[in-house]
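Structure file start_28.cif; described as mmCIF, C-alpha atoms.
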data_upload
#
loop_
_atom_site.label_atom_id
_atom_site.label_comp_id
_atom_site.auth_asym_id
_atom_site.auth_seq_id
_atom_site.Cartn_x
_atom_site.Cartn_y
_atom_site.Cartn_z
CA MET H 1 -12.96 26.88 -45.89
CA GLN H 2 -9.74 28.54 -44.76
CA ASN H 3 -7.28 26.62 -42.61
CA PHE H 4 -7.35 29.24 -39.82
CA ILE H 5 -10.70 30.11 -38.25
CA GLN H 6 -11.17 32.74 -35.56
CA ASN H 7 -14.09 34.25 -33.63
CA ARG H 8 -16.77 32.11 -35.19
CA VAL H 9 -19.91 30.68 -33.61
CA PHE H 10 -20.81 27.15 -34.68
CA GLY H 11 -24.27 25.64 -34.34
CA ASN H 12 -26.26 22.72 -35.71
CA SER H 13 -26.74 24.64 -38.93
CA ASP H 14 -23.07 23.82 -39.62
CA ALA H 15 -23.79 20.12 -40.10
CA GLY H 16 -21.35 18.42 -42.42
CA ILE H 17 -18.60 21.05 -42.20
CA ASN H 18 -15.14 19.50 -42.36
CA LEU H 19 -12.96 20.97 -39.62
CA SER H 20 -10.14 18.48 -40.01
CA ASN H 21 -6.54 19.71 -40.26
CA ARG H 22 -7.45 23.26 -39.25
CA VAL H 23 -6.63 25.71 -36.47
CA ILE H 24 -9.70 27.12 -34.74
CA GLN H 25 -9.22 29.96 -32.29
CA GLU H 26 -11.47 31.84 -29.85
CA SER H 27 -14.58 30.31 -31.34
CA GLU H 28 -17.76 29.03 -29.74
CA PHE H 29 -19.70 25.81 -30.23
CA THR H 30 -23.19 26.06 -28.73
CA ASP H 31 -25.77 23.28 -28.15
CA LEU H 32 -24.07 21.37 -30.93
CA ASP H 33 -24.24 17.70 -31.79
CA VAL H 34 -20.56 17.34 -32.64
CA SER H 35 -21.25 14.21 -34.68
CA VAL H 36 -22.45 16.54 -37.46
CA LEU H 37 -18.88 17.82 -37.82
CA LYS H 38 -15.83 16.10 -39.24
CA VAL H 39 -12.98 16.62 -36.78
CA ARG H 40 -9.53 15.07 -37.24
CA HIS H 41 -6.09 16.52 -36.44
CA THR H 42 -7.58 19.89 -35.53
CA THR H 43 -6.11 22.43 -33.11
CA PHE H 44 -8.57 24.35 -30.91
CA ASN H 45 -7.19 27.40 -29.07
CA SER H 46 -9.33 29.11 -26.39
CA CYS H 47 -12.56 27.68 -27.71
CA VAL H 48 -15.78 27.25 -25.73
CA PHE H 49 -18.06 24.23 -26.09
CA ARG H 50 -21.40 25.04 -24.47
CA SER H 51 -23.60 22.03 -23.66
CA CYS H 52 -22.25 20.17 -26.67
CA ASP H 53 -22.92 16.49 -27.33
CA PHE H 54 -19.87 14.40 -28.31
CA THR H 55 -21.70 11.10 -27.83
CA THR H 56 -20.17 8.25 -29.90
CA GLN H 57 -17.90 10.74 -31.70
CA MET H 58 -14.35 9.69 -32.70
CA ILE H 59 -11.91 12.53 -32.02
CA GLU H 60 -8.42 11.78 -33.29
CA GLY H 61 -5.16 13.72 -33.24
CA CYS H 62 -6.69 16.93 -31.91
CA ILE H 63 -5.19 19.53 -29.57
CA PHE H 64 -7.38 21.51 -27.17
CA TYR H 65 -5.53 24.38 -25.52
CA GLY H 66 -7.35 26.60 -23.03
CA CYS H 67 -10.75 25.23 -24.01
CA ASP H 68 -13.93 24.96 -21.95
CA PHE H 69 -16.00 21.76 -22.08
CA SER H 70 -18.02 22.39 -18.93
CA ASN H 71 -21.27 20.41 -18.79
CA CYS H 72 -20.59 18.71 -22.10
CA LYS H 73 -21.59 15.14 -22.91
CA LEU H 74 -18.76 12.87 -24.07
CA GLU H 75 -20.54 9.63 -23.26
CA GLY H 76 -19.39 6.79 -25.49
CA ALA H 77 -16.96 9.03 -27.36
CA SER H 78 -13.49 7.87 -28.40
CA LEU H 79 -10.40 10.02 -27.90
CA LEU H 80 -7.28 8.89 -29.74
CA SER H 81 -3.90 10.67 -29.62
CA CYS H 82 -5.40 13.93 -28.33
CA SER H 83 -3.97 16.58 -26.01
CA PHE H 84 -5.97 18.66 -23.52
CA VAL H 85 -3.94 21.50 -21.99
CA ASP H 86 -5.20 24.12 -19.50
CA SER H 87 -8.73 23.11 -20.37
CA ARG H 88 -11.86 22.83 -18.29
CA LEU H 89 -13.95 19.66 -18.34
CA SER H 90 -15.61 20.09 -14.95
CA SER H 91 -19.04 18.50 -14.50
CA SER H 92 -18.79 16.80 -17.88
CA SER H 93 -20.18 13.32 -18.42
CA LEU H 94 -17.38 11.00 -19.56
CA ARG H 95 -19.31 7.78 -19.08
CA ASN H 96 -18.30 4.94 -21.41
CA LEU H 97 -15.50 7.16 -22.74
CA SER H 98 -12.65 5.41 -24.52
CA VAL H 99 -9.29 7.19 -24.17
CA ARG H 100 -6.06 6.04 -25.78
CA ARG H 101 -2.67 7.72 -26.13
CA CYS H 102 -3.91 11.05 -24.79
CA ILE H 103 -2.51 13.75 -22.50
CA PHE H 104 -4.42 15.83 -19.96
CA SER H 105 -2.24 18.60 -18.53
CA LYS H 106 -3.42 21.20 -16.02
CA CYS H 107 -7.05 20.41 -16.77
CA ASP H 108 -10.00 20.89 -14.41
CA LEU H 109 -11.57 17.44 -14.01
CA THR H 110 -13.63 18.20 -10.91
CA ASN H 111 -17.07 16.58 -10.69
CA THR H 112 -16.54 14.60 -13.89
CA ASP H 113 -18.17 11.20 -14.28
CA TRP H 114 -15.77 8.55 -15.62
CA SER H 115 -18.08 5.59 -15.01
CA MET H 116 -17.42 2.59 -17.27
CA SER H 117 -14.58 4.42 -19.03
CA LYS H 118 -11.60 2.68 -20.59
CA VAL H 119 -8.25 4.50 -20.44
CA GLU H 120 -5.05 3.25 -22.09
CA GLU H 121 -1.57 4.74 -22.54
CA THR H 122 -2.72 8.11 -21.20
CA GLY H 123 -1.18 10.65 -18.83
CA PHE H 124 -2.82 13.06 -16.38
CA ASP H 125 -0.58 15.85 -15.10
CA ASP H 126 -1.65 18.36 -12.45
CA CYS H 127 -5.38 17.81 -12.96
CA PRO H 128 -7.65 18.42 -9.93
CA ILE H 129 -10.23 15.66 -9.70
CA ASP H 130 -12.30 16.42 -6.57
CA GLY H 131 -15.86 15.15 -6.78
CA ALA H 132 -15.14 12.86 -9.71
CA ILE H 133 -16.84 9.47 -10.07
CA ILE H 134 -14.37 6.76 -11.10
CA ALA H 135 -16.51 3.62 -11.01
CA ASN H 136 -16.57 0.42 -13.05
CA VAL H 137 -13.51 1.61 -14.96
CA ASP H 138 -10.65 -0.20 -16.67
CA TRP H 139 -7.44 1.85 -16.83
CA THR H 140 -4.13 0.40 -18.07
CA ASN H 141 -0.71 1.86 -18.87
CA PHE H 142 -1.60 5.27 -17.47
CA SER H 143 0.02 7.89 -15.26
CA VAL H 144 -1.74 10.12 -12.75
CA CYS H 145 0.84 11.52 -10.32
CA GLY H 146 0.50 13.94 -7.41
CA THR H 147 -3.27 13.49 -7.35
CA ASP H 148 -5.55 13.58 -4.31
CA PHE H 149 -8.26 10.95 -4.72
CA SER H 150 -9.68 11.53 -1.24
CA LYS H 151 -12.76 13.39 -2.47
CA THR H 152 -13.55 11.06 -5.36
CA GLU H 153 -15.94 8.14 -5.59
CA LEU H 154 -13.48 5.38 -6.41
CA GLY H 155 -14.44 1.83 -7.36
CA PRO H 156 -15.21 -0.67 -8.55
CA ALA H 157 -12.07 -0.09 -10.60
CA ASN H 158 -9.32 -2.00 -12.35
CA PHE H 159 -5.96 -0.24 -12.46
CA GLU H 160 -3.13 -2.08 -14.18
CA ARG H 161 0.42 -0.99 -15.09
CA GLY H 162 -0.28 2.51 -13.80
CA VAL H 163 2.12 5.11 -12.42
CA MET H 164 0.42 6.83 -9.48
CA LEU H 165 3.32 8.43 -7.60
CA ASN H 166 2.69 10.72 -4.64
CA CYS H 167 -1.08 10.23 -4.61
CA ALA H 168 -3.37 10.56 -1.58
CA PHE H 169 -6.26 8.36 -0.45
CA ALA H 170 -8.17 9.23 2.73
CA HIS H 171 -11.42 8.14 4.40
CA GLN H 172 -12.32 5.90 1.46
CA ASP H 173 -13.57 2.41 0.75
CA LEU H 174 -11.18 0.76 -1.73
CA SER H 175 -12.54 -2.76 -1.22
CA HIS H 176 -13.57 -3.02 -4.85
CA VAL H 177 -10.42 -1.51 -6.35
CA ARG H 178 -8.02 -3.88 -8.12
CA ILE H 179 -4.44 -2.68 -8.48
CA LYS H 180 -1.96 -4.82 -10.39
CA ASN H 181 1.62 -4.01 -11.37
CA CYS H 182 1.22 -0.32 -10.47
CA SER H 183 3.64 2.14 -8.85
CA LEU H 184 2.21 4.12 -5.92
CA ASN H 185 5.52 5.15 -4.38
CA GLU H 186 5.48 8.01 -1.85
CA SER H 187 1.68 7.85 -1.63
CA THR H 188 -0.47 8.33 1.47
CA PHE H 189 -3.29 6.11 2.72
CA VAL H 190 -5.19 7.38 5.77
CA ASP H 191 -8.29 5.72 7.25
CA VAL H 192 -8.74 3.55 4.16
CA TRP H 193 -11.04 0.53 4.22
CA ALA H 194 -9.78 -2.02 1.70
CA GLN H 195 -11.03 -5.33 3.02
CA ARG H 196 -10.90 -8.13 0.44
CA CYS H 197 -9.15 -5.86 -2.05
CA GLU H 198 -6.52 -6.97 -4.57
CA MET H 199 -3.29 -4.96 -4.78
CA VAL H 200 -0.71 -7.34 -6.21
CA GLU H 201 2.73 -7.00 -7.81
CA SER H 202 2.71 -3.27 -7.04
CA LEU H 203 5.13 -0.76 -5.53
CA PHE H 204 4.34 1.28 -2.41
CA LEU H 205 7.91 2.38 -1.63
CA SER H 206 8.33 5.11 1.00
CA SER H 207 4.58 5.42 1.43
CA LYS H 208 2.51 6.14 4.52
CA PHE H 209 -0.32 3.94 5.79
CA GLU H 210 -2.29 5.06 8.85
CA SER H 211 -5.41 3.41 10.34
CA CYS H 212 -6.08 1.26 7.28
CA THR H 213 -7.79 -2.13 6.97
CA PHE H 214 -6.46 -4.58 4.37
CA ALA H 215 -7.90 -7.72 5.99
CA PHE H 216 -8.64 -10.77 3.82
CA SER H 217 -6.88 -9.08 0.90
CA GLY H 218 -4.52 -10.17 -1.86
CA LEU H 219 -1.23 -8.26 -1.60
CA SER H 220 1.21 -10.85 -2.89
CA THR H 221 4.53 -9.71 -4.38
CA SER H 222 3.87 -6.07 -3.51
CA ASN H 223 6.70 -3.93 -2.16
CA PHE H 224 6.24 -1.69 0.90
CA SER H 225 9.94 -1.03 1.56
CA ASN H 226 10.83 2.05 3.62
CA SER H 227 7.18 2.79 4.33
CA LYS H 228 5.67 3.95 7.61
CA ILE H 229 2.71 1.78 8.62
CA SER H 230 0.72 2.38 11.79
CA ASN H 231 -2.52 1.04 13.25
CA CYS H 232 -3.21 -1.16 10.24
CA SER H 233 -4.73 -4.62 9.85
CA PHE H 234 -3.56 -7.19 7.29
CA GLU H 235 -5.44 -10.03 8.98
CA ALA H 236 -5.88 -13.24 6.97
CA SER H 237 -4.31 -11.70 3.88
CA GLN H 238 -2.15 -13.16 1.13
CA LEU H 239 1.25 -11.51 1.46
CA SER H 240 3.52 -14.16 0.02
CA ASN H 241 6.69 -12.68 -1.50
CA ALA H 242 5.74 -9.24 -0.20
CA ASN H 243 8.58 -6.89 0.74
CA PHE H 244 8.53 -4.98 4.05
CA ASP H 245 12.27 -4.22 4.18
CA SER H 246 13.16 -1.26 6.42
CA VAL H 247 9.50 -0.62 7.25
CA GLU H 248 8.63 1.32 10.40
CA GLY H 249 5.54 -0.40 11.76
CA VAL H 250 3.46 0.26 14.88
CA ASN H 251 0.33 -1.60 15.99
CA LEU H 252 0.11 -4.02 13.06
CA ASP H 253 -2.08 -7.11 12.82
CA PHE H 254 -0.89 -9.88 10.48
CA SER H 255 -2.84 -12.65 12.24
CA ARG H 256 -3.51 -15.74 10.09
CA SER H 257 -1.83 -14.17 7.08
CA ASN H 258 0.38 -15.92 4.56
CA LEU H 259 3.77 -14.22 4.67
CA SER H 260 5.72 -17.08 3.15
CA SER H 261 8.87 -15.87 1.38
CA ALA H 262 8.16 -12.35 2.60
CA LEU H 263 11.05 -9.98 3.32
CA LEU H 264 11.14 -7.99 6.56
CA ARG H 265 14.88 -7.25 6.66
CA SER H 266 15.91 -4.32 8.85
CA ALA H 267 12.26 -3.70 9.69
CA SER H 268 11.37 -1.90 12.90
CA LEU H 269 8.15 -3.34 14.33
CA SER H 270 6.40 -2.42 17.57
CA ASN H 271 3.25 -4.09 18.90
CA ALA H 272 2.88 -6.47 15.98
CA THR H 273 0.71 -9.58 15.89
CA PHE H 274 1.75 -12.59 13.79
CA VAL H 275 -0.53 -15.15 15.42
CA ALA H 276 -0.91 -18.32 13.31
CA CYS H 277 0.98 -16.74 10.39
CA GLU H 278 2.66 -18.75 7.68
CA LEU H 279 6.23 -17.44 7.74
CA GLN H 280 7.98 -20.18 5.81
CA LEU H 281 11.04 -18.93 3.92
CA SER H 282 10.51 -15.42 5.31
CA ASP H 283 13.50 -13.24 6.15
CA PHE H 284 13.59 -11.15 9.35
CA SER H 285 17.34 -10.51 9.20
CA ARG H 286 18.50 -7.49 11.24
CA SER H 287 14.93 -6.59 12.15
CA LYS H 288 14.11 -4.89 15.46
CA ILE H 289 10.92 -6.07 17.09
CA ASP H 290 9.32 -4.80 20.28
CA ASN H 291 6.34 -6.59 21.81
CA ALA H 292 5.35 -9.02 19.04
CA ASP H 293 3.11 -12.08 19.30
CA PHE H 294 4.21 -15.06 17.18
CA THR H 295 1.90 -17.63 18.81
CA ASP H 296 1.39 -20.64 16.50
CA ALA H 297 3.33 -18.97 13.67
CA VAL H 298 5.28 -21.30 11.39
CA PHE H 299 8.93 -20.36 10.75
CA GLU H 300 10.08 -23.33 8.68
CA ASN H 301 13.21 -22.46 6.66
CA SER H 302 12.95 -18.79 7.60
CA LYS H 303 15.97 -16.53 8.16
CA TRP H 304 16.60 -14.32 11.14
CA GLU H 305 20.16 -13.11 11.10
CA LEU H 306 20.98 -11.44 14.42
CA LEU H 307 17.81 -12.64 16.13
CA ASP H 308 16.48 -9.92 18.40
CA GLU H 309 16.65 -11.09 22.03
CA ALA H 310 13.32 -9.40 22.74
CA VAL H 311 11.52 -11.86 20.45
CA ARG H 312 10.05 -14.82 22.28
CA LEU H 313 9.71 -17.97 20.17
CA SER H 314 9.04 -21.56 21.13
CA ASP H 315 11.71 -24.21 20.73
CA SER H 316 9.87 -25.66 17.72
CA GLN H 317 9.73 -22.23 16.08
CA LEU H 318 13.41 -21.64 16.74
CA SER H 319 14.23 -25.00 15.16
CA GLY H 320 12.61 -23.83 11.93
CA ILE H 321 14.91 -20.84 11.56
CA ILE H 322 17.82 -21.74 9.30
CA GLU H 323 19.99 -18.69 10.03
CA ARG H 324 20.17 -16.80 13.31
#

Could you render the structure from this file as structure tokens?
Amino acid sequence: MQNFIQNRVFGNSDAGINLSNRVIQESEFTDLDVSVLKVRHTTFNSCVFRSCDFTTQMIEGCIFYGCDFSNCKLEGASLLSCSFVDSRLSSSSLRNLSVRRCIFSKCDLTNTDWSMSKVEETGFDDCPIDGAIIANVDWTNFSVCGTDFSKTELGPANFERGVMLNCAFAHQDLSHVRIKNCSLNESTFVDVWAQRCEMVESLFLSSKFESCTFAFSGLSTSNFSNSKISNCSFEASQLSNANFDSVEGVNLDFSRSNLSSALLRSASLSNATFVACELQLSDFSRSKIDNADFTDAVFENSKWELLDEAVRLSDSQLSGIIER
């Protein structure tokens, strides 16, 4: 078979054909069980896959440019070192899909089902994902920037070492989403319910949080510097070593939270509740606070350089501050 194939229709009668190391252009694959083909290091240009079944197939080193996979089955397939560019995968089943070292650029991923998928060392660039199901997934070392997740079904999910810059989450339940060592800088969270979630060792720099609930959650060592946070609850959460430097916060509830060793330097806080908080070794230096309640909060060995006169603390609390 020649190395360049154009305008051909493939069907199940082509079982056993070796398409590896070839360029296939403007061809059509119809109702095909792809496992009958041998596909490695193949380039597909403007090809159409109609209702094809990729189940359990290993696809390695392939490039798909301008291809259409709509309504295809990729359940249990493995993608290794592949590139999908300007391609359409909308409404495809990607359940149990294993993806490693792949690139998806300008692809239509709307209404795809990623349930139980495993994604590693993979990038998604400018890929609409409305209506997608991202549940029971394990994604590590990935990037998916500038993406609006607001119309997806998200969680349970494990995201680790991911770059998710400038993403949007709105009107969603993220309680069963685990985020560890991820970057979500300049992202937006609006009306998000994330009670008992885990978002640790992650970056949320210059992000926006509005009307969100993070109560009873694990947020230790995460960085919210320069973010705008309003009408949010962090009640009874683990926030030790968290960074809220230069945050603009309004109507915040940190009651009964552990903020030991947390940084709130140069923060601007209005109507904040820190009732019964653990604030040992915290740093409020140069912060501006208007109408805050620190009843029963513990300040042992905390810092508060240039203590704001508007803050009312008991004598025992003041005695715990080591710098003011």

* **Picked residues, the PyMOL selection byres ((chain H and resi 14-29) around 6), as an MDAnalysis selection string** => chainID H and resid 3:13 30 36:49

* Asked: Which residues match the PyMOL selection byres ((chain H and resi 260) around 7) in the file above, as a ChimeraX atom specification?
  -> /H:240-241,258-259,261-262,278-282

* Selected by the PyMOL selection byres ((chain H and resi 215) around 7) in the shown coordinates: which residues, as a PyMOL selection string? -> chain H and resi 195-196+213-214+216-217+233-237

* To do: Write out as a list in words which residues come within 8 Å of Ser93 in chain H when counting all atoms listed in the file, dropping same-chain ones fewer than 4 positions away.
  => Asn71, Cys72, Lys73, Leu74, Glu75, Thr112, Asp113 and Trp114 of chain H

Take the selection from the previous step and output its residues with C-alpha atoms, as a compact mmCIF listing (two decimals), in the coordinates of the input.
# COMPACT_ATOMS: atom_id res chain seq x y z
CA ASN H 71 -21.27 20.41 -18.79
CA CYS H 72 -20.59 18.71 -22.10
CA LYS H 73 -21.59 15.14 -22.91
CA LEU H 74 -18.76 12.87 -24.07
CA GLU H 75 -20.54 9.63 -23.26
CA THR H 112 -16.54 14.60 -13.89
CA ASP H 113 -18.17 11.20 -14.28
CA TRP H 114 -15.77 8.55 -15.62

* Surrounding residues of Ser87 in chain H excluding itself and chain neighbours under 2 positions, 12 Å, all atoms listed in the file, as a PyMOL selection string -> chain H and resi 44-49+63-70+83-85+89-90+103-110+126-128

* One decimal, Å: what's the distance from CA of Gly146 in chain H over to CA of Met164 in chain H, could you say? => 7.4 Å

Nearby residues (only C-alpha atoms) at most 7 Å from range 198-205 of chain H, same-chain spacing under 2 positions excluded, as a compact mmCIF listing (two decimals) with C-alpha atoms, in the coordinates of the input:
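Once everything was written out, this is selection17.txt:
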# COMPACT_ATOMS: atom_id res chain seq x y z
CA VAL H 177 -10.42 -1.51 -6.35
CA ARG H 178 -8.02 -3.88 -8.12
CA ILE H 179 -4.44 -2.68 -8.48
CA LYS H 180 -1.96 -4.82 -10.39
CA ASN H 181 1.62 -4.01 -11.37
CA CYS H 182 1.22 -0.32 -10.47
CA SER H 183 3.64 2.14 -8.85
CA LEU H 184 2.21 4.12 -5.92
CA ASN H 185 5.52 5.15 -4.38
CA GLU H 186 5.48 8.01 -1.85
CA ARG H 196 -10.90 -8.13 0.44
CA SER H 207 4.58 5.42 1.43
CA SER H 217 -6.88 -9.08 0.90
CA GLY H 218 -4.52 -10.17 -1.86
CA LEU H 219 -1.23 -8.26 -1.60
CA SER H 220 1.21 -10.85 -2.89
CA THR H 221 4.53 -9.71 -4.38
CA SER H 222 3.87 -6.07 -3.51
CA ASN H 223 6.70 -3.93 -2.16
CA PHE H 224 6.24 -1.69 0.90
CA SER H 225 9.94 -1.03 1.56
CA ASN H 226 10.83 2.05 3.62
CA SER H 227 7.18 2.79 4.33

* Structure fact -> Using all atoms listed in the file, the best pick from H:Thr295, H:Leu239, H:Ser230, H:Cys62 as closest to Leu269 in chain H would be H:Ser230

* Contacts of Arg95 in chain H at 12 Å (all atoms listed in the file; same-chain gap of 2+ positions) as a ChimeraX atom specification -> /H:54-56,72-78,91-93,97-99,112-119,132-137

Would you mind exporting the chosen residues as a PDB file, in the frame of the given file, restricted to C-alpha atoms?
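Saved as result-v3.pdb:
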ATOM      1  CA  PHE H  54     -19.870  14.400 -28.310  1.00  0.00           C
ATOM      2  CA  THR H  55     -21.700  11.100 -27.830  1.00  0.00           C
ATOM      3  CA  THR H  56     -20.170   8.250 -29.900  1.00  0.00           C
ATOM      4  CA  CYS H  72     -20.590  18.710 -22.100  1.00  0.00           C
ATOM      5  CA  LYS H  73     -21.590  15.140 -22.910  1.00  0.00           C
ATOM      6  CA  LEU H  74     -18.760  12.870 -24.070  1.00  0.00           C
ATOM      7  CA  GLU H  75     -20.540   9.630 -23.260  1.00  0.00           C
ATOM      8  CA  GLY H  76     -19.390   6.790 -25.490  1.00  0.00           C
ATOM      9  CA  ALA H  77     -16.960   9.030 -27.360  1.00  0.00           C
ATOM     10  CA  SER H  78     -13.490   7.870 -28.400  1.00  0.00           C
ATOM     11  CA  SER H  91     -19.040  18.500 -14.500  1.00  0.00           C
ATOM     12  CA  SER H  92     -18.790  16.800 -17.880  1.00  0.00           C
ATOM     13  CA  SER H  93     -20.180  13.320 -18.420  1.00  0.00           C
ATOM     14  CA  LEU H  97     -15.500   7.160 -22.740  1.00  0.00           C
ATOM     15  CA  SER H  98     -12.650   5.410 -24.520  1.00  0.00           C
ATOM     16  CA  VAL H  99      -9.290   7.190 -24.170  1.00  0.00           C
ATOM     17  CA  THR H 112     -16.540  14.600 -13.890  1.00  0.00           C
ATOM     18  CA  ASP H 113     -18.170  11.200 -14.280  1.00  0.00           C
ATOM     19  CA  TRP H 114     -15.770   8.550 -15.620  1.00  0.00           C
ATOM     20  CA  SER H 115     -18.080   5.590 -15.010  1.00  0.00           C
ATOM     21  CA  MET H 116     -17.420   2.590 -17.270  1.00  0.00           C
ATOM     22  CA  SER H 117     -14.580   4.420 -19.030  1.00  0.00           C
ATOM     23  CA  LYS H 118     -11.600   2.680 -20.590  1.00  0.00           C
ATOM     24  CA  VAL H 119      -8.250   4.500 -20.440  1.00  0.00           C
ATOM     25  CA  ALA H 132     -15.140  12.860  -9.710  1.00  0.00           C
ATOM     26  CA  ILE H 133     -16.840   9.470 -10.070  1.00  0.00           C
ATOM     27  CA  ILE H 134     -14.370   6.760 -11.100  1.00  0.00           C
ATOM     28  CA  ALA H 135     -16.510   3.620 -11.010  1.00  0.00           C
ATOM     29  CA  ASN H 136     -16.570   0.420 -13.050  1.00  0.00           C
ATOM     30  CA  VAL H 137     -13.510   1.610 -14.960  1.00  0.00           C
TER      31      VAL H 137
END

* Length of the CA of Lys303 in chain H to CA of Ser266 in chain H vector [Å] -> 12.2 Å

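CA of Glu210 in chain H is found 18.9 Å from CA of Leu154 in chain H.
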
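Distances to Asp290 in chain H were evaluated for H:Val250, H:Leu264, H:Cys82, H:Ala276 using only C-alpha atoms, and the minimum falls at H:Val250.
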
* Structure fact -> Nearest to Asp125 in chain H, restricted to all atoms listed in the file and choosing among H:Gly249, H:Trp139, H:Ser81, H:Cys102, comes out as H:Cys102

* Using only C-alpha atoms, find all polymer residues with an atom at most 10 Å away from the point (-5.2, 4.8, 9.1); report them as a PyMOL selection string. => chain H and resi 170-171+188-193+208-213+229-233

What are the centre and edge lengths in Å, to one decimal, of the axis-aligned box around all listed atoms of range 109-128 of chain H with 5 Å added on each side, as AutoDock Vina command-line options?
--center_x -9.4 --center_y 10.5 --center_z -16.2 --size_x 27.6 --size_y 25.8 --size_z 22.6

Reconstruct N, CA and C atoms of range 198-217 of chain H; output as an mmCIF file, keeping the file's coordinate frame.
data_model
loop_
_atom_site.group_PDB
_atom_site.id
_atom_site.type_symbol
_atom_site.label_atom_id
_atom_site.label_comp_id
_atom_site.auth_asym_id
_atom_site.auth_seq_id
_atom_site.Cartn_x
_atom_site.Cartn_y
_atom_site.Cartn_z
ATOM 1 N N GLU H 198 -7.638 -6.324 -3.892
ATOM 2 C CA GLU H 198 -6.520 -6.970 -4.570
ATOM 3 C C GLU H 198 -5.542 -5.896 -5.018
ATOM 4 N N MET H 199 -4.345 -5.910 -4.421
ATOM 5 C CA MET H 199 -3.290 -4.960 -4.780
ATOM 6 C C MET H 199 -2.003 -5.761 -4.911
ATOM 7 N N VAL H 200 -1.807 -6.393 -6.043
ATOM 8 C CA VAL H 200 -0.710 -7.340 -6.210
ATOM 9 C C VAL H 200 0.374 -6.803 -7.150
ATOM 10 N N GLU H 201 1.602 -7.304 -6.929
ATOM 11 C CA GLU H 201 2.730 -7.000 -7.810
ATOM 12 C C GLU H 201 2.911 -5.491 -7.998
ATOM 13 N N SER H 202 2.664 -4.734 -6.939
ATOM 14 C CA SER H 202 2.710 -3.270 -7.040
ATOM 15 C C SER H 202 3.728 -2.692 -6.068
ATOM 16 N N LEU H 203 4.117 -1.437 -6.331
ATOM 17 C CA LEU H 203 5.130 -0.760 -5.530
ATOM 18 C C LEU H 203 4.482 0.325 -4.662
ATOM 19 N N PHE H 204 4.800 0.266 -3.353
ATOM 20 C CA PHE H 204 4.340 1.280 -2.410
ATOM 21 C C PHE H 204 5.554 1.806 -1.624
ATOM 22 N N LEU H 205 6.667 1.999 -2.305
ATOM 23 C CA LEU H 205 7.910 2.380 -1.630
ATOM 24 C C LEU H 205 7.772 3.745 -0.955
ATOM 25 N N SER H 206 8.297 3.833 0.254
ATOM 26 C CA SER H 206 8.330 5.110 1.000
ATOM 27 C C SER H 206 6.948 5.746 1.098
ATOM 28 N N SER H 207 5.946 4.914 1.282
ATOM 29 C CA SER H 207 4.580 5.420 1.430
ATOM 30 C C SER H 207 4.175 5.460 2.891
ATOM 31 N N LYS H 208 3.015 6.029 3.148
ATOM 32 C CA LYS H 208 2.510 6.140 4.520
ATOM 33 C C LYS H 208 1.127 5.506 4.594
ATOM 34 N N PHE H 209 0.960 4.588 5.562
ATOM 35 C CA PHE H 209 -0.320 3.940 5.790
ATOM 36 C C PHE H 209 -0.706 4.177 7.255
ATOM 37 N N GLU H 210 -1.856 4.767 7.483
ATOM 38 C CA GLU H 210 -2.290 5.060 8.850
ATOM 39 C C GLU H 210 -3.763 4.690 9.019
ATOM 40 N N SER H 211 -4.038 3.820 10.004
ATOM 41 C CA SER H 211 -5.410 3.410 10.340
ATOM 42 C C SER H 211 -6.140 2.839 9.133
ATOM 43 N N CYS H 212 -5.502 1.892 8.473
ATOM 44 C CA CYS H 212 -6.080 1.260 7.280
ATOM 45 C C CYS H 212 -6.405 -0.213 7.562
ATOM 46 N N THR H 213 -7.405 -0.733 6.849
ATOM 47 C CA THR H 213 -7.790 -2.130 6.970
ATOM 48 C C THR H 213 -7.626 -2.819 5.620
ATOM 49 N N PHE H 214 -6.693 -3.788 5.575
ATOM 50 C CA PHE H 214 -6.460 -4.580 4.370
ATOM 51 C C PHE H 214 -6.755 -6.061 4.651
ATOM 52 N N ALA H 215 -7.625 -6.335 5.600
ATOM 53 C CA ALA H 215 -7.900 -7.720 5.990
ATOM 54 C C ALA H 215 -8.484 -8.525 4.838
ATOM 55 N N PHE H 216 -8.130 -9.822 4.818
ATOM 56 C CA PHE H 216 -8.640 -10.770 3.820
ATOM 57 C C PHE H 216 -8.318 -10.325 2.387
ATOM 58 N N SER H 217 -7.219 -9.652 2.214
ATOM 59 C CA SER H 217 -6.880 -9.080 0.900
ATOM 60 C C SER H 217 -5.744 -9.833 0.220
#
